[in-house]
Structure formats: structure tokens, C-alpha cells
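Student: Once you've had a glance at the structure underneath, I'll fire off some questions.
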Amino acid sequence: MRDRGTTAHVSAYGAGCPGSANLVPSLTNVGWPVVGNLAFGLAVQNGLSSSLAIVFWSLTSANVPLSGCDVLVGDPINLQPIVFLDASGAGLAPFPLPNDPTLDDLDVFFQSLVIDPAGTFLGLGPLSNGVAVHLGG
């Protein structure tokens, strides 16, 4: 049996690419990534007003230049439910962390895509920075 209690931490990495009005979306954590924190999530900010965003996550990071942007999450890429952005271009993607000791000491990597026809990434929209999360117990 593993001891629980590793230290949770979060860090931003990489850079996003622009969309409308040259806005680059940002992704940050909401709450601390501790196993059992059902209120943990990710905040998308600086997106196109009243648009949609998709948050991707993976257990591996990447740095793959593609279509003028950097894809910062590795394979396999998983999707969170669609995030509705408000008039300021902000929204919340819940990522509840169940009280499961096998999640302790796990690394998870996140990035978001804001739907914006003026965005750089494949004509779909701009990408955010990446967020590396180390789950703690």
C-alpha cells in the first residue's frame, strides 16, 4: 500500500496562440489539485466573447508545432465537456477529483481550444497555454 500525502502543485507551461482581436486564451486552475477535491476545475479566460471552449487533457505533455500554434498535450488526448464562455470570454471546466488513493502522485496536462473563426489553430480557434497538474493526497 502506498503512503498518501504527496504535495499537489500546478504550473503553466508553453504559450497559447491568438484569436479574434489578437486575444490569446489563458488556462488556470481553480482550487487545489488534491485527491478528493470535487470542486477542482480549470478556468478559461481571454477567449472570444460568448463562444465555446474545449478543454483537452492527457497523462503526457507535448510540444508539437501545428498550424501556427503549439499542441501541449500528448496522446491520447481526452476531452472535457464543452465550456460556455460568458460575455467577457471566460468560463469554467469542472474537473472533480474523486477520493481515490490511486490518483495520488499522478500528473495530468491540460490545454484549451476556444472556438473562434479568426483563431490560428486549423481555422478552429486559438489554443491556450498548457497547465501541468500534479495530484496530491
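Chains: A, B, ... in order of the C-alpha cells. Residues: from 1 per chain. Ligands: from 1, in order shown.
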Got a sec to tell me which of range 14-94 of chain A DSSP assigns to strand (DSSP E), as number ranges by chain?
Tutor: A: 26-30, 41-45, 52-58, 61-66, 69-73, 78-79, 83-84, 91-94
Student: Save the residues we just selected, N, CA and C atoms, as an mmCIF file, in the first residue's frame?
Tutor:
```cif
data_model
loop_
_atom_site.group_PDB
_atom_site.id
_atom_site.type_symbol
_atom_site.label_atom_id
_atom_site.label_comp_id
_atom_site.auth_asym_id
_atom_site.auth_seq_id
_atom_site.Cartn_x
_atom_site.Cartn_y
_atom_site.Cartn_z
ATOM 1 N N SER A 26 -6.141 32.037 -21.943
ATOM 2 C CA SER A 26 -5.316 31.501 -20.862
ATOM 3 C C SER A 26 -6.110 30.447 -20.104
ATOM 4 N N LEU A 27 -5.376 29.510 -19.545
ATOM 5 C CA LEU A 27 -5.969 28.430 -18.770
ATOM 6 C C LEU A 27 -5.281 28.419 -17.409
ATOM 7 N N THR A 28 -6.073 28.419 -16.345
ATOM 8 C CA THR A 28 -5.542 28.393 -14.985
ATOM 9 C C THR A 28 -6.366 27.427 -14.142
ATOM 10 N N ASN A 29 -5.796 27.008 -13.020
ATOM 11 C CA ASN A 29 -6.531 26.119 -12.123
ATOM 12 C C ASN A 29 -7.486 26.909 -11.235
ATOM 13 N N VAL A 30 -8.544 26.225 -10.822
ATOM 14 C CA VAL A 30 -9.490 26.747 -9.838
ATOM 15 C C VAL A 30 -9.511 25.713 -8.719
ATOM 16 N N GLY A 41 -11.147 22.535 -10.795
ATOM 17 C CA GLY A 41 -11.504 22.776 -12.191
ATOM 18 C C GLY A 41 -10.464 23.648 -12.862
ATOM 19 N N LEU A 42 -10.788 24.042 -14.085
ATOM 20 C CA LEU A 42 -9.899 24.888 -14.876
ATOM 21 C C LEU A 42 -10.688 26.061 -15.420
ATOM 22 N N ALA A 43 -10.080 27.243 -15.341
ATOM 23 C CA ALA A 43 -10.728 28.462 -15.826
ATOM 24 C C ALA A 43 -10.129 28.834 -17.179
ATOM 25 N N VAL A 44 -11.008 29.024 -18.155
ATOM 26 C CA VAL A 44 -10.616 29.546 -19.462
ATOM 27 C C VAL A 44 -10.898 31.043 -19.421
ATOM 28 N N GLN A 45 -9.914 31.841 -19.811
ATOM 29 C CA GLN A 45 -10.083 33.293 -19.829
ATOM 30 C C GLN A 45 -9.507 33.851 -21.117
ATOM 31 N N LEU A 52 -17.543 29.169 -27.272
ATOM 32 C CA LEU A 52 -17.385 27.876 -26.618
ATOM 33 C C LEU A 52 -15.902 27.549 -26.519
ATOM 34 N N ALA A 53 -15.555 26.739 -25.544
ATOM 35 C CA ALA A 53 -14.189 26.250 -25.417
ATOM 36 C C ALA A 53 -14.225 24.757 -25.144
ATOM 37 N N ILE A 54 -13.164 24.096 -25.550
ATOM 38 C CA ILE A 54 -12.989 22.674 -25.274
ATOM 39 C C ILE A 54 -11.688 22.544 -24.497
ATOM 40 N N VAL A 55 -11.731 21.833 -23.379
ATOM 41 C CA VAL A 55 -10.527 21.587 -22.600
ATOM 42 C C VAL A 55 -10.084 20.153 -22.874
ATOM 43 N N PHE A 56 -8.825 20.028 -23.284
ATOM 44 C CA PHE A 56 -8.226 18.731 -23.550
ATOM 45 C C PHE A 56 -7.344 18.356 -22.372
ATOM 46 N N TRP A 57 -7.201 17.049 -22.104
ATOM 47 C CA TRP A 57 -6.289 16.616 -21.055
ATOM 48 C C TRP A 57 -5.643 15.300 -21.449
ATOM 49 N N SER A 58 -4.494 15.065 -20.864
ATOM 50 C CA SER A 58 -3.745 13.846 -21.142
ATOM 51 C C SER A 58 -2.841 13.558 -19.954
ATOM 52 N N SER A 61 2.593 15.219 -21.590
ATOM 53 C CA SER A 61 2.690 16.545 -22.196
ATOM 54 C C SER A 61 3.322 16.408 -23.571
ATOM 55 N N ALA A 62 3.258 17.483 -24.336
ATOM 56 C CA ALA A 62 3.854 17.520 -25.669
ATOM 57 C C ALA A 62 4.228 18.965 -25.965
ATOM 58 N N ASN A 63 4.881 19.155 -27.069
ATOM 59 C CA ASN A 63 5.130 20.493 -27.593
ATOM 60 C C ASN A 63 5.281 20.330 -29.103
ATOM 61 N N VAL A 64 4.131 20.228 -29.778
ATOM 62 C CA VAL A 64 4.093 19.937 -31.210
ATOM 63 C C VAL A 64 3.599 21.170 -31.959
ATOM 64 N N PRO A 65 4.475 21.815 -32.746
ATOM 65 C CA PRO A 65 4.026 22.954 -33.555
ATOM 66 C C PRO A 65 3.072 22.468 -34.649
ATOM 67 N N LEU A 66 1.913 23.110 -34.729
ATOM 68 C CA LEU A 66 0.924 22.730 -35.733
ATOM 69 C C LEU A 66 0.070 23.942 -36.061
ATOM 70 N N CYS A 69 0.439 27.146 -33.977
ATOM 71 C CA CYS A 69 0.230 27.011 -32.535
ATOM 72 C C CYS A 69 1.058 25.839 -32.022
ATOM 73 N N ASP A 70 1.132 25.714 -30.712
ATOM 74 C CA ASP A 70 1.802 24.567 -30.097
ATOM 75 C C ASP A 70 0.769 23.712 -29.384
ATOM 76 N N VAL A 71 0.671 22.443 -29.791
ATOM 77 C CA VAL A 71 -0.174 21.479 -29.088
ATOM 78 C C VAL A 71 0.640 20.985 -27.905
ATOM 79 N N LEU A 72 0.112 21.192 -26.706
ATOM 80 C CA LEU A 72 0.883 20.979 -25.482
ATOM 81 C C LEU A 72 0.455 19.764 -24.677
ATOM 82 N N VAL A 73 -0.525 19.005 -25.160
ATOM 83 C CA VAL A 73 -0.918 17.758 -24.503
ATOM 84 C C VAL A 73 -0.621 16.599 -25.450
ATOM 85 N N ASN A 78 -7.806 13.442 -24.272
ATOM 86 C CA ASN A 78 -9.175 13.275 -23.775
ATOM 87 C C ASN A 78 -9.856 14.638 -23.756
ATOM 88 N N LEU A 79 -11.176 14.648 -23.866
ATOM 89 C CA LEU A 79 -11.944 15.893 -23.897
ATOM 90 C C LEU A 79 -12.828 16.018 -22.679
ATOM 91 N N VAL A 83 -17.262 24.014 -22.697
ATOM 92 C CA VAL A 83 -17.336 25.118 -21.742
ATOM 93 C C VAL A 83 -17.989 26.298 -22.451
ATOM 94 N N PHE A 84 -19.018 26.849 -21.857
ATOM 95 C CA PHE A 84 -19.669 28.041 -22.395
ATOM 96 C C PHE A 84 -18.982 29.270 -21.822
ATOM 97 N N GLY A 91 -14.851 31.131 -18.788
ATOM 98 C CA GLY A 91 -15.720 30.020 -18.426
ATOM 99 C C GLY A 91 -14.969 29.038 -17.544
ATOM 100 N N LEU A 92 -15.703 28.100 -16.954
ATOM 101 C CA LEU A 92 -15.136 27.140 -16.018
ATOM 102 C C LEU A 92 -15.376 25.720 -16.511
ATOM 103 N N ALA A 93 -14.313 24.919 -16.498
ATOM 104 C CA ALA A 93 -14.398 23.493 -16.826
ATOM 105 C C ALA A 93 -14.191 22.703 -15.538
ATOM 106 N N PRO A 94 -15.254 22.130 -14.981
ATOM 107 C CA PRO A 94 -15.084 21.339 -13.767
ATOM 108 C C PRO A 94 -14.246 20.086 -14.056
#
```
Student: Measuring between only C-alpha atoms, which one of A:Leu122, A:Ile77, A:Val108, A:Leu103 shows the shortest distance to Ser11 in chain A?
Tutor: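 Nearest to Ser11 in chain A: A:Val108.
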Student: Tell me, as an NGL selection string, which residues lie within 10 Å of Asn99 in chain A, counting only C-alpha atoms; anything in the same chain fewer than 3 positions away does not count.
Tutor: :A and (34-38 or 96 or 102-104 or 137)
Student: Residues near Asn46 in chain A, anyone? I mean within 7 Å using only C-alpha atoms, not counting same-chain ones fewer than 2 positions away, as a PyMOL selection string.
Tutor: chain A and resi 23-26+48+89-90
Student: With C-alpha atoms retained, could you export that selection as an mmCIF file, in the first residue's frame?
Tutor:
```
data_model
loop_
_atom_site.group_PDB
_atom_site.id
_atom_site.type_symbol
_atom_site.label_atom_id
_atom_site.label_comp_id
_atom_site.auth_asym_id
_atom_site.auth_seq_id
_atom_site.Cartn_x
_atom_site.Cartn_y
_atom_site.Cartn_z
ATOM 1 C CA LEU A 23 -6.501 37.673 -27.802
ATOM 2 C CA VAL A 24 -4.577 34.639 -26.527
ATOM 3 C CA PRO A 25 -6.712 32.475 -24.237
ATOM 4 C CA SER A 26 -5.316 31.501 -20.862
ATOM 5 C CA LEU A 48 -13.957 35.155 -27.755
ATOM 6 C CA GLY A 89 -14.708 35.370 -22.744
ATOM 7 C CA ALA A 90 -14.348 33.380 -19.516
#
```
Student: Which one of A:Val10, A:Ala21, A:Val133, A:Ala15 sits closest to Gly119 in chain A if you count only C-alpha atoms?
Tutor: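 Selected residue with least distance to Gly119 in chain A: A:Ala21.
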Student: Find the residue from A:Gly16, A:Asp75, A:Phe109, A:Trp32 that sits nearest to Phe121 in chain A; use only C-alpha atoms when measuring.
Tutor: A:Gly16
Student: Quick one: pull the distance between CA of Leu106 in chain A and CA of Leu127 in chain A, Å, one decimal.
Tutor: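 Between these atoms lies a distance of 24.1 Å.
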